[in-house]
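Asks: I am sharing run_39.txt, which consists of compact mmCIF, C-alpha atoms:
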```txt
# COMPACT_ATOMS: atom_id res chain seq x y z
CA MET Y 1 50.34 25.38 -81.20
CA LEU Y 2 49.03 26.73 -84.47
CA ARG Y 3 49.01 30.49 -84.66
CA PRO Y 4 49.08 33.06 -87.45
CA PRO Y 5 51.94 35.49 -87.94
CA ALA Y 6 50.08 38.30 -86.15
CA GLU Y 7 52.04 39.62 -83.19
CA ASP Y 8 48.98 40.21 -81.01
CA HIS Y 9 47.80 36.58 -80.94
CA ASP Y 10 46.62 35.69 -77.43
CA THR Y 11 47.22 32.01 -76.74
CA SER Y 12 45.10 32.14 -73.61
CA THR Y 13 41.97 32.59 -75.70
CA SER Y 14 42.73 30.10 -78.47
CA THR Y 15 40.24 27.32 -79.14
CA SER Y 16 40.40 24.11 -81.12
CA THR Y 17 39.15 25.94 -84.21
CA ASN Y 18 40.55 29.44 -84.73
CA THR Y 19 38.73 31.79 -87.09
CA GLY Y 20 38.51 35.52 -87.64
CA SER Y 21 41.31 38.04 -87.48
CA GLU Y 22 43.44 35.97 -85.10
CA CYS Y 23 44.04 33.49 -87.90
CA GLY Y 24 44.04 36.02 -90.69
CA GLY Y 25 40.50 34.96 -91.62
CA ASN Y 26 36.98 36.18 -91.14
CA LEU Y 27 34.95 33.02 -91.57
CA GLU Y 28 32.60 30.94 -89.47
CA PRO Y 29 32.92 27.16 -89.78
CA LEU Y 30 29.99 25.31 -91.28
CA SER Y 31 28.46 22.32 -89.57
CA ALA Y 32 29.38 18.95 -91.00
CA THR Y 33 25.70 18.03 -90.77
CA ALA Y 34 25.03 20.49 -93.59
CA TYR Y 35 26.36 17.83 -95.93
CA PRO Y 36 24.84 14.41 -95.08
CA TRP Y 37 27.02 11.52 -96.19
CA PRO Y 38 25.86 10.16 -99.55
CA MET Y 39 25.06 6.48 -99.17
CA SER Y 40 26.15 4.28 -102.05
CA THR Y 41 24.06 1.38 -103.26
CA ASP Y 42 27.28 -0.62 -103.39
CA SER Y 43 27.55 -2.37 -100.03
CA ALA Y 44 31.32 -2.70 -100.54
CA ALA Y 45 31.78 1.06 -100.88
CA SER Y 46 34.46 2.35 -98.53
CA ARG Y 47 34.41 5.29 -96.19
CA GLU Y 48 36.94 6.95 -98.49
CA VAL Y 49 34.42 6.79 -101.33
CA GLU Y 50 31.68 8.30 -99.17
CA LEU Y 51 33.95 11.12 -98.05
CA LEU Y 52 35.22 11.79 -101.57
CA SER Y 53 31.67 11.97 -102.91
CA THR Y 54 30.82 14.54 -100.26
CA LEU Y 55 33.95 16.60 -100.91
CA VAL Y 56 33.31 16.68 -104.66
CA GLY Y 57 29.82 17.99 -103.87
CA ILE Y 58 31.33 21.05 -102.17
CA ALA Y 59 32.30 23.24 -105.12
CA SER Y 60 35.70 24.91 -104.74
CA VAL Y 61 36.54 26.17 -108.21
CA ASN Y 62 39.44 28.60 -108.35
CA PRO Y 63 37.86 32.08 -108.69
CA LEU Y 64 40.10 32.85 -111.66
CA GLN Y 65 38.45 30.00 -113.57
CA ALA Y 66 34.88 30.38 -112.32
CA GLY Y 67 31.96 30.77 -114.69
CA GLU Y 68 28.22 30.43 -115.09
CA VAL Y 69 28.09 26.77 -114.03
CA SER Y 70 30.38 27.08 -111.01
CA GLY Y 71 29.19 30.44 -109.78
CA PRO Y 72 31.75 32.88 -108.32
CA GLY Y 73 34.03 30.09 -107.16
CA GLY Y 74 36.28 30.06 -104.12
CA GLU Y 75 37.59 27.66 -101.52
CA ALA Y 76 35.98 29.06 -98.35
CA GLU Y 77 33.05 26.66 -98.12
CA LEU Y 78 35.31 23.62 -98.40
CA ALA Y 79 37.84 25.07 -95.95
CA ASN Y 80 35.11 25.70 -93.40
CA TRP Y 81 33.68 22.22 -93.78
CA LEU Y 82 37.11 20.67 -93.29
CA ALA Y 83 37.79 22.90 -90.30
CA ASP Y 84 34.64 21.66 -88.62
CA PHE Y 85 35.33 18.02 -89.53
CA THR Y 86 38.95 17.95 -88.39
CA SER Y 87 38.15 19.85 -85.20
CA ASP Y 88 35.64 17.11 -84.34
CA LEU Y 89 38.46 14.61 -84.83
CA GLY Y 90 40.56 16.40 -82.22
CA ALA Y 91 42.76 18.63 -84.35
CA GLU Y 92 43.88 22.10 -83.42
CA VAL Y 93 42.61 24.03 -86.43
CA CYS Y 94 43.37 27.41 -87.94
CA LEU Y 95 41.75 29.15 -90.90
CA ASP Y 96 44.26 31.63 -92.27
CA GLU Y 97 43.31 33.94 -95.14
CA ALA Y 98 45.79 33.86 -98.00
CA ALA Y 99 43.55 36.32 -99.87
CA PRO Y 100 40.26 37.99 -98.91
CA GLY Y 101 37.65 35.30 -98.43
CA ARG Y 102 40.10 32.53 -99.37
CA PRO Y 103 41.45 30.78 -96.25
CA ASN Y 104 44.10 28.13 -95.97
CA LEU Y 105 43.26 25.33 -93.54
CA TYR Y 106 45.84 24.09 -91.01
CA ALA Y 107 44.74 21.12 -88.88
CA GLU Y 108 47.34 19.65 -86.54
CA PHE Y 109 47.08 16.23 -84.91
CA SER Y 110 49.40 15.04 -82.15
CA GLY Y 111 51.33 11.82 -82.63
CA SER Y 112 53.50 9.80 -80.30
CA SER Y 113 56.89 11.11 -81.52
CA ASP Y 114 58.67 14.44 -81.84
CA ALA Y 115 58.69 14.40 -85.64
CA THR Y 116 56.18 16.50 -87.62
CA ILE Y 117 54.99 15.69 -91.12
CA VAL Y 118 52.79 17.77 -93.42
CA VAL Y 119 50.27 16.62 -96.00
CA ASP Y 120 49.35 19.52 -98.28
CA VAL Y 121 46.18 19.13 -100.36
CA HIS Y 122 45.11 22.10 -102.47
CA LEU Y 123 41.51 23.15 -101.92
CA ASP Y 124 40.83 24.66 -105.33
CA THR Y 125 39.87 22.88 -108.52
CA VAL Y 126 40.05 24.00 -112.12
CA GLY Y 127 36.97 25.34 -113.88
CA VAL Y 128 33.95 23.26 -114.82
CA GLU Y 129 32.47 25.20 -117.73
CA HIS Y 130 33.76 22.65 -120.27
CA MET Y 131 32.56 19.59 -118.35
CA THR Y 132 30.03 17.36 -120.08
CA ASP Y 133 28.39 15.90 -116.97
CA ASP Y 134 27.39 17.16 -113.52
CA PRO Y 135 30.69 18.43 -112.08
CA PHE Y 136 29.59 18.16 -108.46
CA ASP Y 137 27.45 15.01 -108.17
CA GLY Y 138 30.28 12.81 -106.86
CA ARG Y 139 28.57 9.72 -108.21
CA GLN Y 140 30.06 6.24 -108.05
CA GLU Y 141 29.78 4.13 -111.17
CA ASN Y 142 31.74 1.19 -112.54
CA GLY Y 143 34.34 1.29 -109.80
CA ARG Y 144 34.99 5.02 -110.20
CA VAL Y 145 34.08 8.25 -108.40
CA PHE Y 146 33.21 11.11 -110.75
CA GLY Y 147 33.22 14.89 -110.48
CA ARG Y 148 35.51 17.91 -110.43
CA GLY Y 149 38.26 17.40 -107.90
CA ALA Y 150 37.73 13.64 -107.63
CA VAL Y 151 41.30 13.02 -108.73
CA ASP Y 152 42.80 16.52 -108.41
CA THR Y 153 43.04 16.42 -105.43
CA LYS Y 154 40.12 15.74 -103.08
CA ALA Y 155 40.90 12.03 -103.15
CA THR Y 156 43.82 12.59 -100.77
CA PHE Y 157 41.60 14.50 -98.37
CA ALA Y 158 39.14 11.58 -98.36
CA VAL Y 159 41.90 9.06 -97.66
CA ILE Y 160 43.47 11.04 -94.82
CA LEU Y 161 40.15 11.94 -93.17
CA ALA Y 162 39.01 8.31 -93.20
CA LEU Y 163 42.28 7.25 -91.57
CA LEU Y 164 42.02 10.01 -88.96
CA GLU Y 165 38.57 8.73 -88.04
CA ARG Y 166 40.09 5.31 -87.42
CA ILE Y 167 42.94 6.85 -85.43
CA LYS Y 168 40.46 8.68 -83.22
CA ALA Y 169 38.55 5.43 -82.73
CA GLY Y 170 41.75 3.76 -81.52
CA GLU Y 171 41.97 1.38 -84.46
CA LEU Y 172 45.22 2.85 -85.79
CA ALA Y 173 48.23 4.65 -84.34
CA LEU Y 174 49.61 8.03 -85.40
CA VAL Y 175 53.35 8.15 -84.77
CA PRO Y 176 54.52 11.51 -86.19
CA ASN Y 177 52.65 14.71 -85.48
CA LEU Y 178 50.53 15.47 -88.56
CA LEU Y 179 49.72 18.86 -90.04
CA LEU Y 180 46.96 18.37 -92.59
CA MET Y 181 46.86 21.46 -94.76
CA GLY Y 182 44.42 22.74 -97.35
CA THR Y 183 45.82 25.49 -99.58
CA VAL Y 184 44.06 27.89 -101.90
CA GLY Y 185 45.10 29.07 -105.34
CA GLU Y 186 47.18 26.17 -106.64
CA GLU Y 187 45.43 25.80 -109.98
CA ALA Y 188 45.73 29.47 -110.97
CA GLY Y 189 47.06 32.68 -109.50
CA GLY Y 190 50.63 31.89 -108.56
CA LEU Y 191 50.37 29.34 -105.70
CA ILE Y 192 49.19 32.04 -103.31
CA GLY Y 193 48.09 29.59 -100.63
CA ALA Y 194 51.38 27.70 -100.64
CA HIS Y 195 53.46 30.87 -100.47
CA HIS Y 196 51.22 32.22 -97.71
CA PHE Y 197 51.75 29.03 -95.71
CA GLY Y 198 55.49 29.49 -96.17
CA GLU Y 199 55.26 32.99 -94.71
CA TRP Y 200 53.09 31.67 -91.85
CA ALA Y 201 55.53 28.87 -91.02
CA ARG Y 202 58.65 31.04 -91.23
CA ALA Y 203 57.07 33.70 -89.01
CA GLN Y 204 56.63 31.02 -86.33
CA GLN Y 205 60.04 29.51 -87.03
CA ARG Y 206 58.40 26.22 -87.89
CA HIS Y 207 60.41 23.59 -89.72
CA PHE Y 208 59.02 20.19 -90.66
CA ASP Y 209 60.60 16.80 -91.08
CA GLN Y 210 58.68 15.82 -94.19
CA ILE Y 211 56.10 17.37 -96.53
CA VAL Y 212 53.91 15.39 -98.91
CA VAL Y 213 52.31 17.52 -101.61
CA ALA Y 214 49.15 15.83 -102.86
CA GLU Y 215 48.80 15.43 -106.61
CA PRO Y 216 47.57 12.50 -108.70
CA THR Y 217 50.74 10.44 -109.25
CA LEU Y 218 49.23 6.93 -109.34
CA CYS Y 219 50.78 6.50 -105.87
CA VAL Y 220 54.27 6.87 -107.34
CA PRO Y 221 56.49 9.17 -105.25
CA VAL Y 222 57.50 12.09 -107.47
CA HIS Y 223 60.83 13.58 -106.39
CA GLY Y 224 61.26 16.34 -108.95
CA HIS Y 225 59.62 18.72 -111.38
CA LYS Y 226 60.48 21.99 -113.08
CA GLY Y 227 60.12 25.47 -111.70
CA GLY Y 228 59.08 28.48 -113.70
CA VAL Y 229 59.58 32.03 -114.85
CA GLY Y 230 56.50 33.72 -116.29
CA MET Y 231 57.01 36.99 -118.15
CA GLU Y 232 54.57 39.58 -119.44
CA ILE Y 233 56.29 41.62 -122.13
CA THR Y 234 54.76 44.79 -123.55
CA VAL Y 235 56.29 46.33 -126.64
CA ARG Y 236 55.63 50.03 -127.15
CA GLY Y 237 55.73 51.52 -130.65
CA GLN Y 238 54.11 54.47 -132.40
CA ALA Y 239 50.72 54.62 -134.13
CA ALA Y 240 50.29 55.86 -137.70
CA HIS Y 241 47.90 55.52 -140.60
CA SER Y 242 48.23 52.07 -142.13
CA SER Y 243 48.64 53.64 -145.56
CA LYS Y 244 51.92 55.17 -144.35
CA PRO Y 245 53.53 52.53 -142.12
CA HIS Y 246 56.91 54.27 -142.36
CA LEU Y 247 55.52 57.04 -140.14
CA GLY Y 248 54.84 54.61 -137.29
CA ARG Y 249 56.75 52.00 -135.34
CA ASN Y 250 54.99 48.61 -135.46
CA ALA Y 251 54.85 46.98 -132.05
CA ILE Y 252 53.53 43.68 -133.45
CA VAL Y 253 56.50 43.36 -135.78
CA ALA Y 254 58.88 43.95 -132.87
CA ALA Y 255 56.97 41.39 -130.78
CA ALA Y 256 57.38 38.90 -133.64
CA ARG Y 257 61.15 39.39 -133.43
CA ILE Y 258 60.96 38.56 -129.71
CA ILE Y 259 59.02 35.37 -130.48
CA GLU Y 260 61.65 34.35 -133.02
CA ALA Y 261 64.42 35.01 -130.52
CA PHE Y 262 62.61 32.97 -127.87
CA GLU Y 263 62.11 30.08 -130.32
CA ARG Y 264 65.85 30.02 -130.96
CA GLU Y 265 66.44 30.13 -127.20
CA HIS Y 266 64.10 27.20 -126.67
CA ASP Y 267 65.97 25.17 -129.29
CA ARG Y 268 69.24 25.97 -127.56
CA ILE Y 269 67.90 24.95 -124.14
CA VAL Y 270 66.47 21.58 -125.17
CA ALA Y 271 69.59 20.71 -127.16
CA GLY Y 272 71.72 20.89 -124.03
CA PRO Y 273 72.33 18.06 -121.57
CA ALA Y 274 69.69 17.46 -118.87
CA PRO Y 275 71.27 17.92 -115.43
CA THR Y 276 68.81 15.47 -113.84
CA GLU Y 277 66.07 13.04 -114.84
CA VAL Y 278 63.62 15.97 -114.66
CA GLY Y 279 64.97 17.03 -118.07
CA THR Y 280 65.93 20.35 -119.58
CA GLY Y 281 64.10 23.60 -119.34
CA THR Y 282 61.72 24.81 -122.03
CA LEU Y 283 60.50 28.18 -123.32
CA SER Y 284 57.21 28.97 -125.04
CA VAL Y 285 55.18 32.05 -125.95
CA ASN Y 286 51.61 31.28 -124.93
CA GLU Y 287 49.63 34.52 -125.34
CA ILE Y 288 49.82 37.55 -127.61
CA SER Y 289 47.61 40.60 -127.95
CA GLY Y 290 48.03 43.76 -129.98
CA GLY Y 291 46.58 46.21 -132.45
CA ARG Y 292 43.90 48.87 -132.16
CA ALA Y 293 42.25 48.77 -135.59
CA ARG Y 294 42.86 47.43 -139.06
CA ASN Y 295 43.87 50.82 -140.38
CA ILE Y 296 46.22 51.81 -137.55
CA ILE Y 297 49.86 50.79 -137.20
CA PRO Y 298 49.91 49.08 -133.78
CA ASP Y 299 51.62 51.08 -131.08
CA GLU Y 300 51.43 48.33 -128.45
CA CYS Y 301 51.68 44.55 -128.31
CA THR Y 302 51.75 42.31 -125.24
CA LEU Y 303 52.85 38.71 -125.03
CA TYR Y 304 53.25 36.14 -122.26
CA ALA Y 305 56.19 33.73 -122.24
CA GLY Y 306 56.65 30.79 -119.91
CA ARG Y 307 60.09 29.39 -119.12
CA ARG Y 308 60.22 26.03 -117.35
CA VAL Y 309 63.30 25.92 -115.13
CA ALA Y 310 65.23 22.68 -114.65
CA PRO Y 311 66.94 21.65 -111.41
CA GLY Y 312 70.23 23.48 -111.05
CA GLU Y 313 69.13 26.54 -113.03
CA ASP Y 314 68.92 29.91 -111.29
CA PRO Y 315 65.48 31.35 -112.13
CA ASN Y 316 66.62 34.90 -111.45
CA ALA Y 317 69.48 34.51 -113.91
CA VAL Y 318 67.03 33.01 -116.41
CA TYR Y 319 64.74 36.02 -116.00
CA GLN Y 320 67.59 38.46 -116.56
CA HIS Y 321 68.79 36.58 -119.64
CA LEU Y 322 65.34 36.47 -121.25
CA SER Y 323 64.77 40.13 -120.45
CA ALA Y 324 67.97 41.01 -122.28
CA LEU Y 325 66.99 38.84 -125.25
CA ALA Y 326 63.58 40.52 -125.50
CA THR Y 327 65.01 44.01 -125.18
CA GLU Y 328 67.60 43.36 -127.88
CA ALA Y 329 65.12 41.72 -130.26
CA ALA Y 330 62.57 44.54 -129.97
CA ALA Y 331 65.07 47.38 -130.42
CA PRO Y 332 64.77 50.21 -131.23
CA LEU Y 333 61.30 49.88 -129.71
CA GLU Y 334 61.04 49.90 -125.92
CA VAL Y 335 59.79 46.98 -123.87
CA GLU Y 336 58.26 46.72 -120.42
CA ILE Y 337 58.74 43.38 -118.67
CA ASN Y 338 56.82 42.20 -115.59
CA LEU Y 339 56.56 39.10 -113.45
CA PRO Y 340 52.78 38.52 -113.29
CA TYR Y 341 52.95 36.87 -109.87
CA GLY Y 342 55.85 38.90 -108.53
CA ARG Y 343 58.20 35.94 -108.19
CA VAL Y 344 60.13 33.22 -109.97
CA SER Y 345 60.41 29.60 -108.86
CA SER Y 346 63.37 27.28 -108.68
CA ALA Y 347 62.76 23.69 -109.68
CA PHE Y 348 61.74 21.12 -107.08
CA TYR Y 349 64.16 18.26 -106.67
CA GLN Y 350 64.51 15.74 -103.85
CA ASP Y 351 67.24 13.10 -103.80
CA PRO Y 352 65.46 9.90 -104.93
CA THR Y 353 67.43 7.91 -102.34
CA SER Y 354 66.17 10.04 -99.43
CA PRO Y 355 64.20 8.25 -96.68
CA LEU Y 356 60.81 9.78 -97.55
CA VAL Y 357 61.05 8.88 -101.23
CA THR Y 358 62.32 5.37 -100.58
CA THR Y 359 59.75 4.72 -97.83
CA LEU Y 360 56.81 5.68 -100.05
CA ALA Y 361 58.31 3.80 -102.99
CA THR Y 362 58.64 0.68 -100.82
CA LEU Y 363 55.10 0.97 -99.49
CA ALA Y 364 53.73 1.55 -102.99
CA ASP Y 365 55.98 -1.06 -104.63
CA ALA Y 366 56.81 1.61 -107.18
CA THR Y 367 59.88 3.23 -108.72
CA PRO Y 368 60.21 6.95 -107.86
CA GLY Y 369 59.61 9.29 -110.77
CA THR Y 370 59.43 12.89 -111.90
CA ALA Y 371 56.59 15.02 -113.28
CA THR Y 372 56.09 17.38 -116.19
CA TYR Y 373 53.66 19.63 -114.28
CA GLY Y 374 54.32 21.92 -111.33
CA SER Y 375 52.95 21.81 -107.79
CA ASN Y 376 52.97 23.56 -104.41
CA ALA Y 377 56.32 21.89 -103.76
CA LEU Y 378 57.87 24.90 -105.50
CA ALA Y 379 57.02 27.02 -102.44
CA TYR Y 380 58.37 24.71 -99.73
CA GLY Y 381 62.07 24.27 -100.45
CA ASP Y 382 63.37 25.54 -97.09
CA LEU Y 383 60.48 24.37 -94.89
CA ALA Y 384 61.25 20.67 -94.58
CA GLY Y 385 64.05 18.18 -94.56
CA GLU Y 386 62.33 16.15 -97.27
CA ILE Y 387 59.55 16.86 -99.76
CA VAL Y 388 57.74 14.58 -102.18
CA VAL Y 389 54.73 14.86 -104.49
CA PHE Y 390 52.39 11.90 -104.07
CA GLY Y 391 48.77 10.86 -104.37
CA PRO Y 392 46.20 8.47 -105.84
CA GLY Y 393 44.85 8.62 -109.37
CA SER Y 394 46.30 9.72 -112.68
CA ILE Y 395 47.04 13.24 -113.87
CA ASP Y 396 45.57 12.10 -117.20
CA GLN Y 397 42.09 12.36 -115.67
CA ALA Y 398 42.68 15.82 -114.20
CA HIS Y 399 41.15 18.93 -115.81
CA MET Y 400 39.13 16.78 -118.23
CA ALA Y 401 35.55 17.27 -119.40
CA VAL Y 402 34.79 14.15 -117.33
CA GLU Y 403 36.96 13.71 -114.23
CA TRP Y 404 37.15 10.49 -112.25
CA ILE Y 405 39.31 8.29 -110.05
CA GLU Y 406 39.38 4.53 -109.67
CA VAL Y 407 38.11 3.27 -106.30
CA THR Y 408 41.04 0.83 -106.30
CA GLU Y 409 43.39 3.84 -106.28
CA LEU Y 410 41.68 5.14 -103.14
CA ALA Y 411 42.15 1.75 -101.49
CA ARG Y 412 45.80 1.60 -102.52
CA ALA Y 413 46.52 5.10 -101.21
CA THR Y 414 44.73 4.28 -97.95
CA GLU Y 415 46.97 1.30 -97.32
CA ILE Y 416 50.13 3.30 -98.08
CA TYR Y 417 49.14 6.24 -95.88
CA LYS Y 418 48.04 3.90 -93.09
CA GLN Y 419 51.50 2.38 -92.91
CA TRP Y 420 53.33 5.70 -93.37
CA LEU Y 421 51.44 7.41 -90.57
CA ALA Y 422 52.27 4.53 -88.26
CA CYS Y 423 56.01 4.63 -89.07
CA PRO Y 424 58.73 6.60 -87.32
CA VAL Y 425 60.09 9.27 -89.65
CA GLY Y 426 63.02 7.79 -91.56
CA PRO Y 427 63.74 4.84 -93.83
CA LEU Y 428 61.85 1.57 -93.44
```
Give the structure from the file, written as structure tokens.

Replies:
Amino acid sequence: MLRPPAEDHDTSTSTSTNTGSECGGNLEPLSATAYPWPMSTDSAASREVELLSTLVGIASVNPLQAGEVSGPGGEAELANWLADFTSDLGAEVCLDEAAPGRPNLYAEFSGSSDATIVVDVHLDTVGVEHMTDDPFDGRQENGRVFGRGAVDTKATFAVILALLERIKAGELALVPNLLLMGTVGEEAGGLIGAHHFGEWARAQQRHFDQIVVAEPTLCVPVHGHKGGVGMEITVRGQAAHSSKPHLGRNAIVAAARIIEAFEREHDRIVAGPAPTEVGTGTLSVNEISGGRARNIIPDECTLYAGRRVAPGEDPNAVYQHLSALATEAAAPLEVEINLPYGRVSSAFYQDPTSPLVTTLATLADATPGTATYGSNALAYGDLAGEIVVFGPGSIDQAHMAVEWIEVTELARATEIYKQWLACPVGPL
């Protein structure tokens, strides 16, 4: 039974698709008929291609990256469409707001075993303002499907939905129970959908056997990537006339000392031994802002620093260490340090010999690997026995001015998922 963390949920009135306050949302599902399936002129086009083209056509740009081309952005329209579609396939569905107007989708399908697996596909895409072609046409050309989200990560939705149609038709078997999840806010904003799902699952004391986090990995199971500590540092000085700088305290100069200290720290980190194949941590200053006018000694300067955390590192200890470095470097000026998303993240690391990793590697005929980017896996450490990042297509095509995925990657992922969903949970 899918239910939100609200204490007053009444199971006697639940329906196959839950919306409104009982699921933390306030949305009405859209009809699937609002988006007729685009028919390809290629007679060999698969159902996965048709579904992917439709999903690309439903804009779901992260609101933090929305612009004139995308409109206000948001994931609600896509979440509602998926809620309607999966409900028609027999799922018990819940729309659960992670933020106002931004619902996660949870669609649970019953299998023939007691095990439960999760496939998490983030609903949001990056912005489209820099794209050089129609970001939402979902066209198929030269063996590829184009458009924002085609590879990152609506392709996995298309693959799973096509397989679920075949399962409903009795063509395929579903052995483990499957929770298909769509999460908001992965591309920007601190993984709010993933963390909200974690709160939802813990409130219900749910624990899962396996979680697959969808990202474009070329169907290679990724068993590790770095976590992160993001820091906003504001240096406070004293303004003065620029002709008499000795009467002021220059916040930009103090911020420059912090940057130098952080550069030395980065060099120290990368010179050390890597505890795992994920590599060492890194540290970079990525934003800086300061100064009021060209004739005023700056009394304030703000910078953002990002620290990638390797497996085995304590992100809280990293935060404390960097805070001390910044405070010391800026002295005698004062600093204010904040976590922009209110949390730090440990690295994600799964034993590469674990059953989930080895099963997917066997099915894909691939060697397990690690990633340089982050994913929703950072939010799921205690929710499942095993976690892996996996999906069709290459990260090299993600976030580009022209985004696409090879149709052959969709076919490959379909075959892998078809076998995985029909397997008992555990090693092959």

Asks: Just to confirm, what's the straight-line distance from CA of Leu410 (chain Y) to CA of Glu215 (chain Y) in Å (one decimal)?

Replies: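 CA of Glu215 (chain Y) lies at a distance of 13.0 Å from CA of Leu410 (chain Y).
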
Asks: In Å, rounded to a single decimal, give me how far CA of Asp124 (chain Y) is from CA of Leu283 (chain Y).

Replies: 26.9 Å

Asks: Write out as a PyMOL selection string which residues come within 6 Å of Arg236 (chain Y) when counting only C-alpha atoms, dropping same-chain ones fewer than 6 positions away.

Replies: chain Y and resi 251+299-300+334

Asks: Using all atoms listed in the file, collect all residues at a distance of at most 12 Å from (68.1, 34.0, -112.1) as written in the file, then present them as an MDAnalysis selection string.

Replies: chainID Y and resid 227:229 307 309:310 312:323 343:347

Asks: Would you work out the distance separating CA of Ala107 (chain Y) from CA of Val93 (chain Y), expressed in Å to one decimal?

Replies: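 According to the coordinates, CA of Ala107 (chain Y) and CA of Val93 (chain Y) are separated by 4.4 Å.
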
Asks: Provide region 317-348 of chain Y of the preceding structure as a file containing C-alpha atoms, as a CSV table (one decimal), in the first residue's frame.

Replies:
```csv
chain,number,residue,atom,x,y,z
Y,317,ALA,CA,34.1,16.6,9.1
Y,318,VAL,CA,34.9,18.0,5.7
Y,319,TYR,CA,32.5,20.9,6.3
Y,320,GLN,CA,34.0,21.7,9.6
Y,321,HIS,CA,37.5,21.6,8.3
Y,322,LEU,CA,36.8,23.9,5.4
Y,323,SER,CA,34.9,26.3,7.6
Y,324,ALA,CA,37.9,26.6,9.8
Y,325,LEU,CA,40.2,27.1,6.8
Y,326,ALA,CA,38.0,29.9,5.5
Y,327,THR,CA,37.7,31.6,8.9
Y,328,GLU,CA,41.4,31.5,9.4
Y,329,ALA,CA,42.2,32.8,5.9
Y,330,ALA,CA,39.8,35.7,6.1
Y,331,ALA,CA,40.9,36.9,9.6
Y,332,PRO,CA,40.6,39.5,11.0
Y,333,LEU,CA,37.5,39.9,8.9
Y,334,GLU,CA,34.4,37.9,9.9
Y,335,VAL,CA,32.8,35.2,7.7
Y,336,GLU,CA,29.3,33.7,7.6
Y,337,ILE,CA,29.1,30.2,6.2
Y,338,ASN,CA,25.9,28.4,5.1
Y,339,LEU,CA,24.9,25.2,3.5
Y,340,PRO,CA,22.7,26.3,0.6
Y,341,TYR,CA,20.6,23.1,0.6
Y,342,GLY,CA,20.8,22.6,4.4
Y,343,ARG,CA,22.7,19.3,4.1
Y,344,VAL,CA,25.9,17.5,3.1
Y,345,SER,CA,26.1,14.2,1.2
Y,346,SER,CA,28.3,11.2,1.8
Y,347,ALA,CA,29.6,9.5,-1.3
Y,348,PHE,CA,27.6,6.7,-2.9
```
